[in-house]
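Listing of query-v5.pdb, PDB, C-alpha atoms
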```
ATOM      1  CA  MET A  30      27.278 -10.116  -4.453  1.00  0.00           C
ATOM      2  CA  ASN A  31      25.219 -12.496  -2.353  1.00  0.00           C
ATOM      3  CA  CYS A  32      21.618 -11.978  -3.361  1.00  0.00           C
ATOM      4  CA  ALA A  33      20.067 -15.390  -2.860  1.00  0.00           C
ATOM      5  CA  GLY A  34      16.491 -15.098  -1.797  1.00  0.00           C
ATOM      6  CA  ILE A  35      13.089 -16.666  -1.783  1.00  0.00           C
ATOM      7  CA  MET A  36      10.141 -15.155   0.026  1.00  0.00           C
ATOM      8  CA  ARG A  37       7.033 -17.019   1.044  1.00  0.00           C
ATOM      9  CA  ALA A  38       3.948 -15.874   2.849  1.00  0.00           C
ATOM     10  CA  ILE A  39       3.482 -18.570   5.472  1.00  0.00           C
ATOM     11  CA  ASN A  40       0.534 -19.206   7.759  1.00  0.00           C
ATOM     12  CA  LEU A  41       2.366 -20.868  10.640  1.00  0.00           C
ATOM     13  CA  PHE A  42      -0.841 -22.469  11.857  1.00  0.00           C
ATOM     14  CA  GLU A  43      -1.400 -24.205   8.518  1.00  0.00           C
ATOM     15  CA  GLN A  44       2.237 -25.346   8.531  1.00  0.00           C
ATOM     16  CA  ALA A  45       2.041 -26.720  12.094  1.00  0.00           C
ATOM     17  CA  ASP A  46       1.684 -30.331  10.928  1.00  0.00           C
ATOM     18  CA  ASN A  47       4.175 -30.187   8.037  1.00  0.00           C
ATOM     19  CA  SER A  48       7.805 -31.192   8.189  1.00  0.00           C
ATOM     20  CA  LEU A  49      10.429 -28.611   8.939  1.00  0.00           C
ATOM     21  CA  LYS A  50      11.530 -28.840   5.292  1.00  0.00           C
ATOM     22  CA  VAL A  51       8.887 -26.318   4.231  1.00  0.00           C
ATOM     23  CA  LEU A  52       9.787 -23.931   7.027  1.00  0.00           C
ATOM     24  CA  THR A  53      13.568 -24.212   6.724  1.00  0.00           C
ATOM     25  CA  GLU A  54      14.005 -23.997   2.948  1.00  0.00           C
ATOM     26  CA  GLU A  55      14.144 -20.196   3.110  1.00  0.00           C
ATOM     27  CA  ILE A  56      16.761 -20.417   5.882  1.00  0.00           C
ATOM     28  CA  HIS A  57      18.960 -22.661   3.749  1.00  0.00           C
ATOM     29  CA  ILE A  58      18.736 -20.408   0.694  1.00  0.00           C
ATOM     30  CA  ASN A  59      18.558 -16.896   2.145  1.00  0.00           C
ATOM     31  CA  LEU A  60      20.829 -17.132   5.179  1.00  0.00           C
ATOM     32  CA  LEU A  61      22.950 -20.262   4.992  1.00  0.00           C
ATOM     33  CA  GLY A  62      23.540 -19.749   1.264  1.00  0.00           C
ATOM     34  CA  THR A  63      24.873 -16.256   1.908  1.00  0.00           C
ATOM     35  CA  ILE A  64      27.148 -17.491   4.685  1.00  0.00           C
ATOM     36  CA  ALA A  65      28.377 -20.506   2.692  1.00  0.00           C
ATOM     37  CA  VAL A  66      29.268 -18.501  -0.428  1.00  0.00           C
ATOM     38  CA  THR A  67      31.014 -15.806   1.599  1.00  0.00           C
ATOM     39  CA  GLN A  68      33.013 -18.293   3.636  1.00  0.00           C
ATOM     40  CA  ALA A  69      33.975 -20.280   0.517  1.00  0.00           C
ATOM     41  CA  PHE A  70      35.577 -17.221  -1.078  1.00  0.00           C
ATOM     42  CA  LEU A  71      36.690 -15.327   2.032  1.00  0.00           C
ATOM     43  CA  ASN A  72      40.424 -16.076   1.798  1.00  0.00           C
ATOM     44  CA  ILE A  73      40.504 -15.180  -1.906  1.00  0.00           C
ATOM     45  CA  LEU A  74      38.586 -11.954  -1.258  1.00  0.00           C
ATOM     46  CA  VAL A  75      40.894 -10.904   1.567  1.00  0.00           C
ATOM     47  CA  ALA A  76      44.016 -11.686  -0.494  1.00  0.00           C
ATOM     48  CA  ASN A  77      42.707  -9.424  -3.267  1.00  0.00           C
ATOM     49  CA  ASN A  78      41.358  -6.471  -1.229  1.00  0.00           C
ATOM     50  CA  GLY A  79      37.905  -7.807  -1.971  1.00  0.00           C
ATOM     51  CA  LEU A  80      34.386  -6.596  -1.550  1.00  0.00           C
ATOM     52  CA  VAL A  81      31.412  -8.528  -0.186  1.00  0.00           C
ATOM     53  CA  ILE A  82      27.926  -7.190  -0.850  1.00  0.00           C
ATOM     54  CA  ASN A  83      25.222  -9.062   1.045  1.00  0.00           C
ATOM     55  CA  VAL A  84      21.624  -8.336   0.126  1.00  0.00           C
ATOM     56  CA  SER A  85      19.262  -8.285   3.082  1.00  0.00           C
ATOM     57  CA  SER A  86      15.863  -6.590   2.907  1.00  0.00           C
ATOM     58  CA  GLY A  87      13.882  -3.692   4.279  1.00  0.00           C
ATOM     59  CA  LEU A  88      11.903  -6.436   6.016  1.00  0.00           C
ATOM     60  CA  SER A  89      14.983  -7.279   8.098  1.00  0.00           C
ATOM     61  CA  ASN A  90      14.071  -4.235  10.214  1.00  0.00           C
ATOM     62  CA  LEU A  91      10.519  -5.211  11.186  1.00  0.00           C
ATOM     63  CA  ALA A  92       8.564  -8.440  11.295  1.00  0.00           C
ATOM     64  CA  ASP A  93       5.658  -8.228   8.896  1.00  0.00           C
ATOM     65  CA  GLY A  94       3.652 -11.196  10.147  1.00  0.00           C
ATOM     66  CA  ALA A  95       3.116 -12.760   6.717  1.00  0.00           C
ATOM     67  CA  HIS A  96       6.763 -13.629   5.978  1.00  0.00           C
ATOM     68  CA  PRO A  97       8.151 -14.908   9.296  1.00  0.00           C
ATOM     69  CA  ILE A  98      10.971 -17.023   7.900  1.00  0.00           C
ATOM     70  CA  TYR A  99      12.002 -14.455   5.287  1.00  0.00           C
ATOM     71  CA  ASN A 100      12.143 -11.740   7.968  1.00  0.00           C
ATOM     72  CA  LEU A 101      14.406 -13.781  10.216  1.00  0.00           C
ATOM     73  CA  THR A 102      16.729 -14.840   7.395  1.00  0.00           C
ATOM     74  CA  LYS A 103      17.243 -11.305   6.153  1.00  0.00           C
ATOM     75  CA  ALA A 104      17.772 -10.069   9.724  1.00  0.00           C
ATOM     76  CA  GLY A 105      20.375 -12.849   9.978  1.00  0.00           C
ATOM     77  CA  VAL A 106      22.070 -11.572   6.811  1.00  0.00           C
ATOM     78  CA  HIS A 107      22.152  -8.108   8.398  1.00  0.00           C
ATOM     79  CA  PHE A 108      23.794  -9.357  11.603  1.00  0.00           C
ATOM     80  CA  TYR A 109      26.207 -11.635   9.731  1.00  0.00           C
ATOM     81  CA  SER A 110      27.265  -8.699   7.521  1.00  0.00           C
ATOM     82  CA  ASP A 111      27.827  -6.475  10.561  1.00  0.00           C
ATOM     83  CA  ALA A 112      29.865  -9.188  12.313  1.00  0.00           C
ATOM     84  CA  LEU A 113      31.963  -9.890   9.210  1.00  0.00           C
ATOM     85  CA  ARG A 114      32.654  -6.167   8.746  1.00  0.00           C
ATOM     86  CA  GLU A 115      33.646  -5.687  12.397  1.00  0.00           C
ATOM     87  CA  GLN A 116      35.856  -8.785  12.421  1.00  0.00           C
ATOM     88  CA  ALA A 117      37.594  -7.644   9.228  1.00  0.00           C
ATOM     89  CA  LYS A 118      38.398  -4.342  10.945  1.00  0.00           C
ATOM     90  CA  TYR A 119      39.452  -5.978  14.217  1.00  0.00           C
ATOM     91  CA  PHE A 120      41.679  -8.576  12.563  1.00  0.00           C
ATOM     92  CA  GLU A 121      42.999  -5.949  10.103  1.00  0.00           C
ATOM     93  CA  LYS A 122      41.809  -7.779   6.981  1.00  0.00           C
ATOM     94  CA  THR A 123      41.587  -6.005   3.647  1.00  0.00           C
ATOM     95  CA  LEU A 124      37.917  -6.698   3.070  1.00  0.00           C
ATOM     96  CA  LYS A 125      35.061  -4.277   2.543  1.00  0.00           C
ATOM     97  CA  VAL A 126      31.625  -5.540   3.615  1.00  0.00           C
ATOM     98  CA  ILE A 127      28.482  -3.789   2.420  1.00  0.00           C
ATOM     99  CA  GLU A 128      24.887  -4.596   3.176  1.00  0.00           C
ATOM    100  CA  LEU A 129      22.421  -3.692   0.443  1.00  0.00           C
ATOM    101  CA  VAL A 130      18.936  -3.253   1.885  1.00  0.00           C
ATOM    102  CA  PRO A 131      16.313  -3.075  -0.859  1.00  0.00           C
ATOM    103  CA  PRO A 132      12.571  -2.672  -0.463  1.00  0.00           C
ATOM    104  CA  LEU A 133      10.129  -4.603  -2.636  1.00  0.00           C
ATOM    105  CA  VAL A 134      11.520  -4.767  -6.172  1.00  0.00           C
ATOM    106  CA  ALA A 135       8.728  -6.473  -8.121  1.00  0.00           C
ATOM    107  CA  GLU A 136      10.833  -6.787 -11.276  1.00  0.00           C
ATOM    108  CA  THR A 137      12.998  -9.398  -9.527  1.00  0.00           C
ATOM    109  CA  ASN A 138      10.052 -11.816  -9.257  1.00  0.00           C
ATOM    110  CA  LEU A 139      10.832 -12.514  -5.601  1.00  0.00           C
ATOM    111  CA  GLU A 140       7.100 -12.760  -5.174  1.00  0.00           C
ATOM    112  CA  SER A 141       5.420 -14.003  -8.313  1.00  0.00           C
ATOM    113  CA  HIS A 142       2.051 -12.357  -7.661  1.00  0.00           C
ATOM    114  CA  THR A 143       3.379  -8.833  -6.989  1.00  0.00           C
ATOM    115  CA  ASN A 144       3.247  -6.381  -9.861  1.00  0.00           C
ATOM    116  CA  THR A 145       5.388  -3.340 -10.494  1.00  0.00           C
ATOM    117  CA  ASP A 146       2.505  -1.016  -9.582  1.00  0.00           C
ATOM    118  CA  ALA A 147       2.494  -2.311  -5.995  1.00  0.00           C
ATOM    119  CA  PRO A 148       2.796   0.333  -3.263  1.00  0.00           C
ATOM    120  CA  ASN A 149       6.350   0.882  -2.036  1.00  0.00           C
ATOM    121  CA  ASN A 150       7.744  -1.003  -5.037  1.00  0.00           C
ATOM    122  CA  MET A 151      11.099   0.239  -6.291  1.00  0.00           C
ATOM    123  CA  ALA A 152      12.046  -0.004  -9.928  1.00  0.00           C
ATOM    124  CA  LEU A 153      15.101  -2.173 -10.507  1.00  0.00           C
ATOM    125  CA  SER A 154      16.814   0.677 -12.360  1.00  0.00           C
ATOM    126  CA  ASP A 155      16.297   2.947  -9.324  1.00  0.00           C
ATOM    127  CA  LEU A 156      17.725   0.283  -7.012  1.00  0.00           C
ATOM    128  CA  ILE A 157      20.790   0.019  -9.238  1.00  0.00           C
ATOM    129  CA  SER A 158      21.216   3.814  -9.233  1.00  0.00           C
ATOM    130  CA  GLU A 159      20.928   4.062  -5.429  1.00  0.00           C
ATOM    131  CA  THR A 160      23.303   1.128  -5.005  1.00  0.00           C
ATOM    132  CA  LEU A 161      25.935   2.712  -7.233  1.00  0.00           C
ATOM    133  CA  ALA A 162      25.569   6.039  -5.402  1.00  0.00           C
ATOM    134  CA  GLY A 163      25.987   4.267  -2.048  1.00  0.00           C
ATOM    135  CA  LEU A 164      29.070   2.436  -3.304  1.00  0.00           C
ATOM    136  CA  GLU A 165      30.595   5.676  -4.570  1.00  0.00           C
ATOM    137  CA  THR A 166      30.112   7.380  -1.192  1.00  0.00           C
ATOM    138  CA  GLY A 167      31.522   4.402   0.730  1.00  0.00           C
ATOM    139  CA  LEU A 168      28.441   3.432   2.724  1.00  0.00           C
ATOM    140  CA  ASP A 169      28.560   0.204   4.751  1.00  0.00           C
ATOM    141  CA  ARG A 170      24.776  -0.113   4.586  1.00  0.00           C
ATOM    142  CA  ILE A 171      22.771   1.047   1.595  1.00  0.00           C
ATOM    143  CA  ASP A 172      19.098   1.469   2.501  1.00  0.00           C
ATOM    144  CA  ALA A 173      17.314   1.915  -0.814  1.00  0.00           C
ATOM    145  CA  GLY A 174      13.849   3.342  -1.450  1.00  0.00           C
ATOM    146  CA  PHE A 175      11.206   2.416   1.113  1.00  0.00           C
ATOM    147  CA  ALA A 176      13.821   0.410   3.051  1.00  0.00           C
ATOM    148  CA  LYS A 177      14.984   3.758   4.472  1.00  0.00           C
ATOM    149  CA  GLN A 178      11.563   4.200   6.093  1.00  0.00           C
ATOM    150  CA  LEU A 179      11.450   0.584   7.278  1.00  0.00           C
ATOM    151  CA  HIS A 180      14.864   1.078   8.903  1.00  0.00           C
ATOM    152  CA  GLN A 181      13.575   4.109  10.807  1.00  0.00           C
ATOM    153  CA  MET A 182      10.337   2.306  11.697  1.00  0.00           C
ATOM    154  CA  GLY A 183      12.446  -0.469  13.225  1.00  0.00           C
ATOM    155  CA  LYS A 184      14.352   2.050  15.342  1.00  0.00           C
ATOM    156  CA  VAL A 185      11.476   4.226  16.548  1.00  0.00           C
ATOM    157  CA  ASN A 186       8.369   2.704  18.111  1.00  0.00           C
ATOM    158  CA  SER A 187       9.240  -0.672  16.564  1.00  0.00           C
ATOM    159  CA  ASP A 188       6.624  -2.680  18.490  1.00  0.00           C
ATOM    160  CA  GLU A 189       3.790  -0.480  17.262  1.00  0.00           C
ATOM    161  CA  ASN A 190       5.192  -0.337  13.734  1.00  0.00           C
ATOM    162  CA  THR A 191       5.517  -4.128  13.671  1.00  0.00           C
ATOM    163  CA  LYS A 192       1.863  -4.453  14.676  1.00  0.00           C
ATOM    164  CA  LEU A 193       0.748  -2.000  11.983  1.00  0.00           C
ATOM    165  CA  LEU A 194       2.856  -3.563   9.227  1.00  0.00           C
ATOM    166  CA  SER A 195       1.833  -7.082  10.250  1.00  0.00           C
ATOM    167  CA  GLN A 196      -1.855  -6.211  10.219  1.00  0.00           C
ATOM    168  CA  GLN A 197      -1.540  -4.779   6.721  1.00  0.00           C
ATOM    169  CA  MET A 198       0.505  -7.692   5.374  1.00  0.00           C
ATOM    170  CA  LEU A 199      -1.535 -10.437   7.046  1.00  0.00           C
ATOM    171  CA  THR A 200      -4.751  -8.920   5.684  1.00  0.00           C
ATOM    172  CA  ASN A 201      -3.202  -8.741   2.223  1.00  0.00           C
ATOM    173  CA  TYR A 202      -1.838 -12.300   2.173  1.00  0.00           C
ATOM    174  CA  PHE A 203      -4.405 -14.120   4.293  1.00  0.00           C
ATOM    175  CA  PRO A 204      -7.763 -12.357   3.933  1.00  0.00           C
ATOM    176  CA  LYS A 205     -10.407 -13.654   6.289  1.00  0.00           C
ATOM    177  CA  MET A 206     -13.488 -15.014   4.587  1.00  0.00           C
ATOM    178  CA  LYS A 207     -16.723 -13.266   5.453  1.00  0.00           C
ATOM    179  CA  ASP A 208     -19.667 -15.536   6.238  1.00  0.00           C
TER     180      ASP A 208
END
```
Show me, as C-alpha cells, the structure contained in the file I just sent.
Amino acid sequence: MNCAGIMRAINLFEQADNSLKVLTEEIHINLLGTIAVTQAFLNILVANNGLVINVSSGLSNLADGAHPIYNLTKAGVHFYSDALREQAKYFEKTLKVIELVPPLVAETNLESHTNTDAPNNMALSDLISETLAGLETGLDRIDAGFAKQLHQMGKVNSDENTKLLSQQMLTNYFPKMKD
C-alpha cells in the first residue's frame, strides 16, 4: 500500500520568493514516492499476482485553494493508478490496481492542527471498514466517507464546487485580518 502523504496549506503569494524546494517537497513525497515504490516492486508484484493500493484523496477531485500542491499530487496518484491499471489489462499482466480515496482522517495526523471533531472527518476505524468492504467487492476505486461526495462534486458543476470549497478552505486556513 502506497500511502505516503504530507499536506500543507500554502499561500502561493507568500511562497513567491522562496525556492522551489518548499513547493516541490509534497510532489516528491506524495506523487514521486508513490511512483518510485510501485515501479521498484512492479516486476515482483506481477510475478506473484500482486496487488497495488495507491492512496489518493477526496481532494484529488476538486481544488480546494488552500492545498494547491497536495491537490495536484493526489490527482496525479489518481491518474497514475488509472494508467497502471489499464496498462496491466492491456499488456495482460497479473496485477490488481486499486485506488483508495479517503476524506479527511484526522487520526492520521496528516494535518497536525485538525482534530477528530472536524466536519467531514472520518474515523480511521470507519476508513478501514470501508476499505475492506471495497476490497471484498472488487472495486478498482474505493471512495470512502465524504470522498464519495467530493467525487460527485468534481463530476457535476465542478467549477462552481471548486469555488465554493476553495472559499471555505481559504477562509479557514488564511483568515483575513479585520482592521
Residues selected by the PyMOL selection byres ((chain A and resi 86-99) around 9), written as a ChimeraX atom specification: /A:34-41,52-53,55-56,59,84-85,100-107,129-133,172-173,175-184,187-188,190-203
Target residues per the PyMOL selection byres ((chain A and resi 79) around 10), formatted as a PyMOL selection string: chain A and resi 70-78+80-81+122-126
Point-to-point distance in Å for atom CA of A:Glu165 and atom CA of A:Ile58: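 Spanning atom CA of A:Ile58 to atom CA of A:Glu165 is a straight-line distance of 29.1 Å.
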What would the selection look like, as an mmCIF file with C-alpha atoms, in the coordinates of the input, if the PyMOL selection byres ((chain A and resi 155) around 12) were run on the coordinates I just shared?
```cif
data_model
loop_
_atom_site.group_PDB
_atom_site.id
_atom_site.type_symbol
_atom_site.label_atom_id
_atom_site.label_comp_id
_atom_site.auth_asym_id
_atom_site.auth_seq_id
_atom_site.Cartn_x
_atom_site.Cartn_y
_atom_site.Cartn_z
ATOM 1 C CA PRO A 131 16.313 -3.075 -0.859
ATOM 2 C CA PRO A 132 12.571 -2.672 -0.463
ATOM 3 C CA LEU A 133 10.129 -4.603 -2.636
ATOM 4 C CA VAL A 134 11.520 -4.767 -6.172
ATOM 5 C CA GLU A 136 10.833 -6.787 -11.276
ATOM 6 C CA ASN A 150 7.744 -1.003 -5.037
ATOM 7 C CA MET A 151 11.099 0.239 -6.291
ATOM 8 C CA ALA A 152 12.046 -0.004 -9.928
ATOM 9 C CA LEU A 153 15.101 -2.173 -10.507
ATOM 10 C CA SER A 154 16.814 0.677 -12.360
ATOM 11 C CA LEU A 156 17.725 0.283 -7.012
ATOM 12 C CA ILE A 157 20.790 0.019 -9.238
ATOM 13 C CA SER A 158 21.216 3.814 -9.233
ATOM 14 C CA GLU A 159 20.928 4.062 -5.429
ATOM 15 C CA THR A 160 23.303 1.128 -5.005
ATOM 16 C CA LEU A 161 25.935 2.712 -7.233
ATOM 17 C CA ALA A 162 25.569 6.039 -5.402
ATOM 18 C CA ALA A 173 17.314 1.915 -0.814
ATOM 19 C CA GLY A 174 13.849 3.342 -1.450
ATOM 20 C CA PHE A 175 11.206 2.416 1.113
#
```
Can you report as JSON the centre and edge lengths in Å, to one decimal, of an axis-aligned box around the listed atoms of stretch 162-172 of chain A padded with 3 Å on each side?
```
{"center_x": 25.3, "center_y": 3.6, "center_z": -0.3, "size_x": 18.4, "size_y": 13.5, "size_z": 16.2}
```
Separation of atom CA of A:Glu54 from atom CA of A:Met30 in Å: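 Straight-line distance from atom CA of A:Met30 to atom CA of A:Glu54 works out to 20.6 Å.
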Interatomic distance (Å, one decimal) between atom CA of A:Ile64 and atom CA of A:Leu168: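 Interatomic distance here is 21.1 Å.
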